[in-house]
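Asks: Coordinates in target.cif, mmCIF, C-alpha atoms, are listed below.
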```
data_target
loop_
_atom_site.label_atom_id
_atom_site.label_comp_id
_atom_site.auth_asym_id
_atom_site.auth_seq_id
_atom_site.Cartn_x
_atom_site.Cartn_y
_atom_site.Cartn_z
CA MET A 721 0.00 0.00 0.00
CA VAL A 722 2.81 2.38 0.94
CA GLY A 723 4.55 1.60 -2.35
CA ASN A 724 1.42 2.39 -4.35
CA LEU A 725 0.99 5.69 -2.53
CA GLN A 726 4.60 6.55 -3.29
CA HIS A 727 4.08 5.89 -7.03
CA LEU A 728 0.93 8.03 -6.96
CA SER A 729 2.79 10.80 -5.18
CA ASN A 730 5.57 10.72 -7.80
CA PHE A 731 3.00 10.94 -10.62
CA LEU A 732 1.21 13.90 -9.02
CA PHE A 733 4.41 15.92 -8.87
CA LEU A 734 5.41 15.30 -12.49
CA SER A 735 5.62 18.32 -14.75
CA PRO A 736 2.92 18.66 -17.47
CA SER A 737 5.45 17.80 -20.17
CA SER A 738 6.51 14.66 -18.29
CA VAL A 739 2.90 13.57 -17.84
CA PHE A 740 2.26 14.13 -21.58
CA SER A 741 5.34 12.09 -22.45
CA LEU A 742 4.25 9.26 -20.14
CA VAL A 743 0.73 9.18 -21.62
CA CYS A 744 2.20 9.09 -25.13
CA GLN A 745 4.40 6.11 -24.22
CA ILE A 746 1.43 4.24 -22.75
CA LEU A 747 -0.74 4.89 -25.82
CA SER A 748 2.07 3.93 -28.20
CA SER A 749 2.62 0.65 -26.31
CA ALA A 750 -1.10 -0.10 -26.45
CA VAL A 751 -1.22 0.49 -30.22
CA ARG A 752 1.86 -1.71 -30.72
CA LYS A 753 0.29 -4.55 -28.72
CA MET A 754 -2.95 -4.33 -30.72
CA THR A 755 -0.98 -4.51 -33.98
CA ASP A 756 1.15 -7.45 -32.79
CA ASP A 757 -2.02 -9.39 -32.00
CA ALA A 758 -3.32 -9.13 -35.57
CA ILE A 759 -0.97 -10.43 -38.27
CA SER A 760 -2.00 -9.55 -41.83
CA VAL A 761 -2.72 -12.03 -44.61
CA TYR A 762 0.44 -11.04 -46.48
CA ALA A 763 2.65 -11.43 -43.40
CA ARG A 764 1.30 -14.98 -42.95
CA SER A 765 1.66 -15.92 -46.62
CA LYS A 766 4.07 -18.60 -47.84
CA GLU A 767 5.53 -16.10 -50.30
CA TYR A 768 6.45 -13.64 -47.55
CA MET A 769 7.82 -16.37 -45.29
CA PHE A 770 9.92 -17.69 -48.18
CA PHE A 771 11.25 -14.18 -48.76
CA ARG A 772 12.16 -13.67 -45.10
CA ASN A 773 13.89 -17.05 -44.96
CA GLN A 774 15.87 -16.63 -48.18
CA VAL A 775 16.82 -12.94 -48.35
CA ALA A 776 19.06 -11.41 -45.70
CA PHE A 777 18.13 -8.09 -44.11
CA GLN A 778 21.32 -6.05 -44.23
CA ARG A 779 22.59 -2.83 -42.66
CA VAL A 780 25.36 -0.48 -43.67
CA THR A 781 26.59 2.70 -41.99
CA VAL A 782 27.40 5.80 -44.04
CA GLY A 783 28.94 9.12 -43.05
CA ASN A 784 31.80 9.96 -40.72
CA ILE A 785 30.63 12.57 -38.24
CA ASN A 786 26.85 12.10 -38.41
CA GLU A 787 26.57 8.37 -39.07
CA LYS A 788 23.39 6.98 -40.64
CA VAL A 789 22.38 3.33 -40.89
CA TRP A 790 20.74 2.26 -44.16
CA GLN A 791 18.80 -1.01 -44.05
CA TYR A 792 18.12 -3.02 -47.17
CA TYR A 793 17.49 -6.30 -48.97
CA ASP A 794 19.70 -7.17 -51.94
CA PHE A 795 18.98 -10.19 -54.12
CA GLY A 796 19.60 -11.26 -57.69
CA PRO A 797 22.47 -11.44 -60.23
CA ARG A 798 25.47 -9.19 -59.62
CA ASP A 799 26.37 -8.57 -63.27
CA VAL A 800 23.54 -6.10 -63.99
CA ALA A 801 22.67 -2.62 -62.70
CA PRO A 802 20.14 -3.16 -59.89
CA LEU A 803 16.58 -1.95 -59.58
CA VAL A 804 16.55 0.03 -56.33
CA CYS A 805 13.10 0.27 -54.74
CA ILE A 806 12.38 3.27 -52.50
CA PRO A 807 9.27 3.20 -50.26
CA GLY A 808 6.82 5.96 -49.46
CA ALA A 809 6.24 7.61 -46.10
CA SER A 810 4.73 4.51 -44.48
CA GLY A 811 6.84 1.77 -46.10
CA THR A 812 9.73 -0.40 -45.00
CA ALA A 813 12.20 -2.29 -47.19
CA ASP A 814 10.18 -5.52 -47.10
CA VAL A 815 7.07 -3.96 -48.66
CA PHE A 816 8.80 -4.79 -51.97
CA TYR A 817 9.05 -8.50 -51.19
CA LYS A 818 6.78 -9.39 -54.12
CA GLN A 819 9.14 -7.62 -56.51
CA ILE A 820 12.15 -9.45 -55.09
CA VAL A 821 10.49 -12.87 -55.19
CA SER A 822 9.11 -12.41 -58.72
CA LEU A 823 11.80 -10.43 -60.55
CA THR A 824 15.08 -11.89 -59.30
CA PRO A 825 14.50 -15.34 -60.87
CA LYS A 826 14.08 -13.51 -64.19
CA GLY A 827 17.61 -12.08 -64.05
CA ILE A 828 16.85 -8.75 -62.37
CA ARG A 829 18.77 -7.67 -59.29
CA VAL A 830 16.51 -5.92 -56.78
CA ILE A 831 17.63 -3.79 -53.85
CA ALA A 832 14.85 -2.63 -51.51
CA VAL A 833 15.95 0.14 -49.16
CA GLN A 834 14.79 1.53 -45.84
CA PRO A 835 16.47 4.92 -45.45
CA PRO A 836 17.46 6.41 -42.11
CA PRO A 837 16.08 9.80 -41.02
CA TYR A 838 17.17 12.89 -42.98
CA GLU A 839 15.92 16.44 -42.55
CA THR A 840 16.25 17.72 -46.14
CA HIS A 841 15.87 16.40 -49.68
CA GLN A 842 19.50 17.26 -50.39
CA GLY A 843 20.65 15.45 -47.25
CA TRP A 844 18.67 12.37 -48.27
CA CYS A 845 20.16 12.39 -51.79
CA LYS A 846 23.72 12.73 -50.51
CA GLY A 847 23.08 9.93 -48.02
CA PHE A 848 21.68 7.69 -50.77
CA ASP A 849 24.73 8.44 -52.90
CA ARG A 850 27.04 7.40 -50.05
CA PHE A 851 24.95 4.27 -49.50
CA LEU A 852 25.43 3.23 -53.14
CA ASP A 853 29.16 3.90 -52.82
CA LYS A 854 29.33 1.78 -49.68
CA ILE A 855 27.73 -1.26 -51.34
CA ASN A 856 29.77 -0.76 -54.53
CA ILE A 857 26.93 0.14 -56.89
CA THR A 858 27.89 2.32 -59.86
CA LYS A 859 24.64 2.57 -61.86
CA VAL A 860 21.03 2.11 -60.78
CA HIS A 861 17.50 1.86 -62.09
CA LEU A 862 15.15 3.53 -59.60
CA PHE A 863 11.62 2.45 -58.67
CA GLY A 864 9.97 4.89 -56.29
CA THR A 865 6.46 4.94 -54.89
CA SER A 866 4.80 8.07 -53.50
CA LEU A 867 7.46 9.97 -51.48
CA GLY A 868 10.02 7.42 -52.68
CA GLY A 869 9.31 8.46 -56.27
CA TYR A 870 9.79 12.12 -55.42
CA LEU A 871 13.12 11.40 -53.73
CA ALA A 872 14.17 9.28 -56.72
CA GLN A 873 13.58 12.29 -58.98
CA CYS A 874 15.57 14.52 -56.63
CA TYR A 875 18.43 12.05 -56.83
CA CYS A 876 18.19 12.00 -60.63
CA LYS A 877 18.68 15.75 -60.56
CA LEU A 878 21.68 15.52 -58.22
CA ARG A 879 23.44 12.56 -59.89
CA PRO A 880 22.08 12.16 -63.44
CA SER A 881 25.11 10.15 -64.59
CA ARG A 882 24.41 7.46 -62.02
CA VAL A 883 20.74 6.82 -62.83
CA GLU A 884 20.03 4.55 -65.79
CA SER A 885 16.25 4.82 -65.65
CA LEU A 886 13.29 5.82 -63.50
CA ILE A 887 9.96 4.18 -62.64
CA LEU A 888 7.43 6.25 -60.71
CA ASN A 889 4.43 4.68 -58.98
CA ASN A 890 1.58 6.84 -57.63
CA SER A 891 4.13 9.60 -57.14
CA PHE A 892 4.38 13.37 -57.48
CA CYS A 893 6.76 16.10 -58.67
CA ASP A 894 5.78 18.97 -56.41
CA THR A 895 5.36 19.08 -52.61
CA GLN A 896 3.48 22.39 -52.50
CA TYR A 897 0.12 20.66 -51.96
CA PHE A 898 1.44 18.69 -48.94
CA HIS A 899 3.21 21.77 -47.60
CA ASP A 900 -0.01 23.79 -47.69
CA SER A 901 -2.02 20.93 -46.17
CA ALA A 902 0.27 20.49 -43.15
CA PRO A 903 0.54 23.70 -41.10
CA CYS A 904 2.11 21.65 -38.29
CA ALA A 905 4.96 20.35 -40.48
CA ALA A 906 7.59 22.34 -38.57
CA MET A 907 6.63 20.40 -35.43
CA PHE A 908 6.87 16.85 -36.82
CA SER A 909 10.22 16.27 -35.11
CA MET A 910 8.67 17.13 -31.72
CA MET A 911 5.49 15.11 -32.09
CA PRO A 912 5.18 11.75 -30.32
CA GLU A 913 5.27 8.57 -32.36
CA PHE A 914 1.58 7.73 -32.01
CA MET A 915 0.51 11.15 -33.32
CA LEU A 916 2.72 10.82 -36.40
CA LYS A 917 1.31 7.37 -37.10
CA ARG A 918 -2.24 8.65 -36.72
CA TYR A 919 -1.41 11.49 -39.13
CA ILE A 920 -0.28 8.99 -41.78
CA LEU A 921 -3.12 6.55 -41.10
CA SER A 922 -5.66 9.32 -41.64
CA ASN A 923 -4.80 9.09 -45.36
CA PHE A 924 -5.30 5.32 -45.55
CA PRO A 925 -8.56 3.99 -47.07
CA ARG A 926 -10.87 2.34 -44.54
CA THR A 927 -14.06 1.04 -46.15
CA ASN A 928 -15.40 -0.73 -49.25
CA LEU A 929 -12.07 -2.28 -50.24
CA GLU A 930 -11.83 -5.40 -52.36
CA PRO A 931 -9.87 -8.21 -50.66
CA GLU A 932 -6.42 -7.75 -52.22
CA ILE A 933 -6.43 -3.98 -51.68
CA ALA A 934 -7.60 -4.52 -48.09
CA ASN A 935 -4.77 -7.02 -47.57
CA SER A 936 -2.23 -4.50 -48.89
CA VAL A 937 -3.53 -1.83 -46.51
CA ASP A 938 -3.38 -4.22 -43.53
CA PHE A 939 0.22 -5.13 -44.37
CA MET A 940 1.23 -1.47 -44.72
CA VAL A 941 -0.36 -0.67 -41.35
CA GLU A 942 1.85 -3.37 -39.82
CA LYS A 943 4.92 -1.93 -41.50
CA LEU A 944 4.03 1.57 -40.34
CA GLU A 945 3.86 0.35 -36.77
CA SER A 946 7.49 -0.83 -36.97
CA LEU A 947 8.81 2.64 -37.84
CA THR A 948 10.33 4.80 -35.11
CA GLN A 949 9.50 8.39 -34.24
CA PRO A 950 12.63 9.81 -35.96
CA GLU A 951 11.88 7.81 -39.12
CA LEU A 952 8.26 8.97 -39.22
CA ALA A 953 9.12 12.60 -38.49
CA SER A 954 11.79 12.57 -41.21
CA ARG A 955 9.51 11.12 -43.87
CA LEU A 956 6.66 13.48 -43.12
CA THR A 957 9.07 16.41 -43.14
CA LEU A 958 10.47 15.38 -46.52
CA ASN A 959 6.95 14.86 -47.86
CA CYS A 960 5.80 18.33 -46.80
CA ALA A 961 8.97 20.42 -47.25
CA LEU A 962 9.08 22.60 -50.35
CA GLY A 963 11.24 20.73 -52.83
CA PRO A 964 13.82 21.57 -55.47
CA LEU A 965 12.26 19.96 -58.56
CA LYS A 966 11.37 21.96 -61.65
CA PRO A 967 10.37 20.81 -65.15
CA GLY A 968 13.46 19.75 -67.05
CA ASP A 969 15.54 18.94 -63.96
CA VAL A 970 15.41 15.21 -64.73
CA THR A 971 17.31 14.85 -68.00
CA LEU A 972 16.72 11.15 -68.67
CA HIS A 973 15.56 10.25 -72.17
CA PRO A 974 11.77 9.67 -72.19
CA GLU A 975 12.18 5.98 -73.07
CA ARG A 976 14.00 5.58 -69.73
CA ILE A 977 11.03 6.84 -67.70
CA THR A 978 7.89 4.83 -66.92
CA ILE A 979 4.94 6.05 -64.86
CA ILE A 980 2.79 3.35 -63.23
CA ASP A 981 -0.42 4.72 -61.71
CA THR A 982 -3.61 3.23 -60.37
CA ILE A 983 -6.68 5.07 -61.61
CA ASP A 984 -9.08 4.07 -58.84
CA ASP A 985 -9.41 5.87 -55.51
CA ASN A 986 -6.09 6.53 -53.79
CA ALA A 987 -4.52 9.18 -51.59
CA LEU A 988 -2.79 11.00 -54.47
CA PRO A 989 -4.86 13.97 -55.70
CA ASN A 990 -5.54 13.99 -59.45
CA ASN A 991 -3.88 17.36 -59.92
CA LEU A 992 -0.58 15.96 -58.61
CA ARG A 993 -0.88 12.98 -60.94
CA GLU A 994 -1.46 15.31 -63.88
CA GLU A 995 1.57 17.36 -62.86
CA VAL A 996 3.76 14.25 -63.25
CA TYR A 997 2.46 13.75 -66.80
CA LYS A 998 3.32 17.38 -67.58
CA PHE A 999 6.84 16.96 -66.19
CA TYR A 1000 7.41 13.89 -68.40
CA PRO A 1001 5.08 14.28 -71.41
CA GLU A 1002 6.83 11.63 -73.51
CA ALA A 1003 7.33 9.04 -70.77
CA ARG A 1004 5.62 5.66 -71.02
CA VAL A 1005 2.44 5.65 -68.90
CA ALA A 1006 1.07 2.34 -67.60
CA ASP A 1007 -2.36 2.74 -65.99
CA ILE A 1008 -3.66 0.03 -63.68
CA LYS A 1009 -7.44 0.11 -63.32
CA THR A 1010 -7.53 -0.84 -59.65
CA GLY A 1011 -4.98 -1.37 -56.92
CA GLY A 1012 -5.31 1.47 -54.46
CA ASP A 1013 -2.29 3.17 -52.93
CA PHE A 1014 -0.05 0.10 -52.86
CA PRO A 1015 -0.33 -1.68 -56.23
CA TYR A 1016 3.16 -3.18 -55.88
CA LEU A 1017 1.43 -5.37 -53.27
CA SER A 1018 -2.23 -5.57 -54.35
CA ARG A 1019 -1.48 -5.79 -58.09
CA ALA A 1020 2.06 -7.11 -57.94
CA ASP A 1021 1.75 -9.19 -61.13
CA GLU A 1022 0.76 -6.15 -63.19
CA VAL A 1023 3.38 -3.87 -61.64
CA ASN A 1024 6.10 -6.48 -62.10
CA MET A 1025 5.08 -6.96 -65.73
CA HIS A 1026 5.46 -3.21 -66.38
CA ILE A 1027 8.82 -3.20 -64.60
CA GLN A 1028 10.00 -6.05 -66.84
CA ILE A 1029 8.82 -4.26 -69.98
CA HIS A 1030 10.65 -1.12 -68.87
CA LEU A 1031 13.90 -2.91 -68.09
CA ARG A 1032 13.80 -5.22 -71.11
CA LYS A 1033 14.04 -2.17 -73.40
CA LEU A 1034 17.25 -1.29 -71.58
CA GLY A 1035 18.87 -4.71 -71.88
CA ILE A 1036 17.90 -6.23 -68.53
CA PRO A 1037 18.01 -9.10 -68.01
CA LYS A 1038 21.06 -9.75 -70.13
CA PRO A 1039 20.35 -12.04 -73.10
CA VAL A 1040 21.50 -15.63 -72.69
CA VAL A 1041 24.42 -16.47 -74.94
CA ASN A 1042 24.34 -19.95 -76.46
CA ASN A 1043 27.90 -21.28 -76.62
CA ASP A 1044 26.94 -24.65 -78.11
CA SER A 1045 27.21 -23.45 -81.71
#
```
Starting from the coordinates I provided, produce the structure as structure tokens.
Replies:
Amino acid sequence: MVGNLQHLSNFLFLSPSSVFSLVCQILSSAVRKMTDDAISVYARSKEYMFFRNQVAFQRVTVGNINEKVWQYYDFGPRDVAPLVCIPGASGTADVFYKQIVSLTPKGIRVIAVQPPPYETHQGWCKGFDRFLDKINITKVHLFGTSLGGYLAQCYCKLRPSRVESLILNNSFCDTQYFHDSAPCAAMFSMMPEFMLKRYILSNFPRTNLEPEIANSVDFMVEKLESLTQPELASRLTLNCALGPLKPGDVTLHPERITIIDTIDDNALPNNLREEVYKFYPEARVADIKTGGDFPYLSRADEVNMHIQIHLRKLGIPKPVVNNDS
């Protein structure tokens, strides 16, 4: 009894900021427990379990003074330029497991990354450049979804000689809309984890979803739960910060750019989608009728087919040479 009174006394004399922090920790733990109790269909699938058993989750540290740890999966032949997959604000490296499982047997090397926190687009691009140096990658094909597509374009602008081609999925070229829609963006770094997750989840679809799209949303909710407060704050900051891109900044030849969009309901406003088409008027556009926000999961077969078509034009996979003649 005395011990309980002592704990109560300690709580009563906490400062308001300490009480707020404690409540946030309790709520975050409760949300994490609820998520752990409900494993999604994709996370239980044989395909995902095969992926987790066969492909190593790797980490590499970049930078000297301010070290950053990049996490990634890397699978497939080493004699071709890899397809590097960059997730959106809510994604982790393993959200691209269906690309790795499907494309690597066809001669395509796939690297799925999970970037560490960065505060600026330029900082992210420089960090990505150092990451590629660290794992000895000279040339890359980039596949970016949502925020990942925007960052891929920023990197194309910074290091055009290093990027062989670009695939954008449900992405955008201008962050002005997100900047104007998030008056609290300057406070993301100070917000508790559960508030940042709720902010992202508010853009997720909730009702009237066909099974595969619903499964993709459930899986992404699980992945979101695994992200830390610094990761979430960084991604939201990058998504809402005014960016450097202007028409003509990406100098890739149009045949080296493919845009894969779903044309059903998703979180990307139509005006942002149209802006991408204006940025790259001669790029190949592959529309997928349905698939929601995460077609690389819900419509993986279609997305993977368009990725193969894109890469095949650029000589990947390498043609098999018959030495019997």
Asks: Hey, what's within 8 Å of stretch 848-863 of chain A if we count all atoms listed in the file and toss same-chain stuff fewer than 3 positions away? As a VMD selection string, please?
Replies: chain A and resid 780 to 783 790 801 to 806 835 844 to 845 868 to 869 872 882 to 889
Asks: What is the distance, in Å and to one decimal place, between atom CA of A:Tyr897 and atom CA of A:Leu916?
Replies: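 Separation of atom CA of A:Tyr897 and atom CA of A:Leu916: 18.6 Å.
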Asks: Would you mind reading off the distance between atom CA of A:Cys876 and atom CA of A:Asp969, one decimal, in Å?
Replies: 8.1 Å
Asks: Neighbouring residues of stretch 818-827 of chain A were defined as those with any atom within 8 Å, considering all atoms listed in the file; residues of the same chain fewer than 3 positions away were excluded. Please report them as a VMD selection string.
Replies: chain A and resid 767 to 768 771 795 to 797 815 830 to 831 1016 to 1017 1020 1024 1028 1036 to 1038
Asks: Which polymer residues have any atom within 8 Å of an atom of stretch 879-881 of chain A, counting all atoms listed in the file, with same-chain residues fewer than 4 positions away left out, as a PDB file with C-alpha atoms, in the frame of the given file?
Replies:
```
ATOM      1  CA  TYR A 875      18.430  12.050 -56.830  1.00  0.00           C
ATOM      2  CA  VAL A 970      15.410  15.210 -64.730  1.00  0.00           C
ATOM      3  CA  THR A 971      17.310  14.850 -68.000  1.00  0.00           C
ATOM      4  CA  LEU A 972      16.720  11.150 -68.670  1.00  0.00           C
TER       5      LEU A 972
END
```
Asks: Apply the PyMOL selection byres ((chain A and resi 974) around 8) to the structure shown and report the selected residues as a ChimeraX atom specification.
Replies: /A:972-973,975-977,1000,1002-1004
Asks: Go through A:Ala953, A:Tyr793, A:Glu945, A:Asp985 one by one, measure the shortest atom-to-atom distance of each to A:Leu921 using all atoms listed in the file, and give the residue with the smallest value.
Replies: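 Of the candidates, the smallest distance to A:Leu921 is held by A:Glu945.
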Asks: Grab all the atoms of stretch 929-941 of chain A that the file lists, wrap them in a box along x, y and z, add 3 Å per side, and give me centre plus edge lengths in Å (one decimal) as lines of an AutoDock Vina configuration file.
Replies:
```
center_x = -5.4
center_y = -4.4
center_z = -46.9
size_x = 19.3
size_y = 13.5
size_z = 17.0
```
Asks: What's the separation between atom CA of A:Pro950 and atom CA of A:Asn935, in Å to one decimal place?
Replies: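 Between atom CA of A:Pro950 and atom CA of A:Asn935 the gap works out to 26.8 Å.
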Asks: Name every residue that the PyMOL selection byres ((chain A and resi 1014) around 9) selects in this structure, writing the answer as a list in words with chains first and numbers rising.
Replies: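 Listing what the PyMOL selection byres ((chain A and resi 1014) around 9) selects in the shown file: Thr865, Asn889, Asn890, Ile933, Ser936, Val937, Met940, Thr982, Asn986, Gly1011, Gly1012, Asp1013, Pro1015, Tyr1016, Leu1017, Ser1018 and Arg1019 of chain A.
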Asks: Restricting the calculation to all atoms listed in the file, which member of A:Val996, A:Asp1007, A:Lys943, A:Val800 is positioned closest to A:Gly1035?
Replies: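 The shortest atom-to-atom distance to A:Gly1035 comes from A:Val800.
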Asks: Taking the file as I've supplied it (selection: the PyMOL selection byres ((chain A and resi 834) around 7)), which residues are included? Please answer as a PyMOL selection string.
Replies: chain A and resi 790-792+812-813+833+835-836
Asks: Write the residues of the preceding selection, restricted to C-alpha atoms, as a short mmCIF file (atom, residue, chain, number, x, y, z; two decimals), keeping the file's coordinate frame.
Replies:
```cif
data_model
loop_
_atom_site.label_atom_id
_atom_site.label_comp_id
_atom_site.auth_asym_id
_atom_site.auth_seq_id
_atom_site.Cartn_x
_atom_site.Cartn_y
_atom_site.Cartn_z
CA TRP A 790 20.74 2.26 -44.16
CA GLN A 791 18.80 -1.01 -44.05
CA TYR A 792 18.12 -3.02 -47.17
CA THR A 812 9.73 -0.40 -45.00
CA ALA A 813 12.20 -2.29 -47.19
CA VAL A 833 15.95 0.14 -49.16
CA PRO A 835 16.47 4.92 -45.45
CA PRO A 836 17.46 6.41 -42.11
#
```
Asks: For A:Arg772, work out the shell of residues within 9 Å, counting all atoms listed in the file and skipping chain neighbours fewer than 5 positions away, then give it as a PyMOL selection string.
Replies: chain A and resi 767+777+814+817
Asks: Which residue, A:Ala987, A:Leu992, A:Ile828, A:Ser901, has the smallest gap to A:Ile1027 when you use only C-alpha atoms?
Replies: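 Closest to A:Ile1027 of all the choices is A:Ile828.
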Asks: Determine the nearest neighbour of A:Ser760 from the options A:Val941, A:Ala905, A:Leu867, A:Met915, counting only C-alpha atoms.
Replies: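 Among the listed residues, A:Val941 lies closest to A:Ser760.
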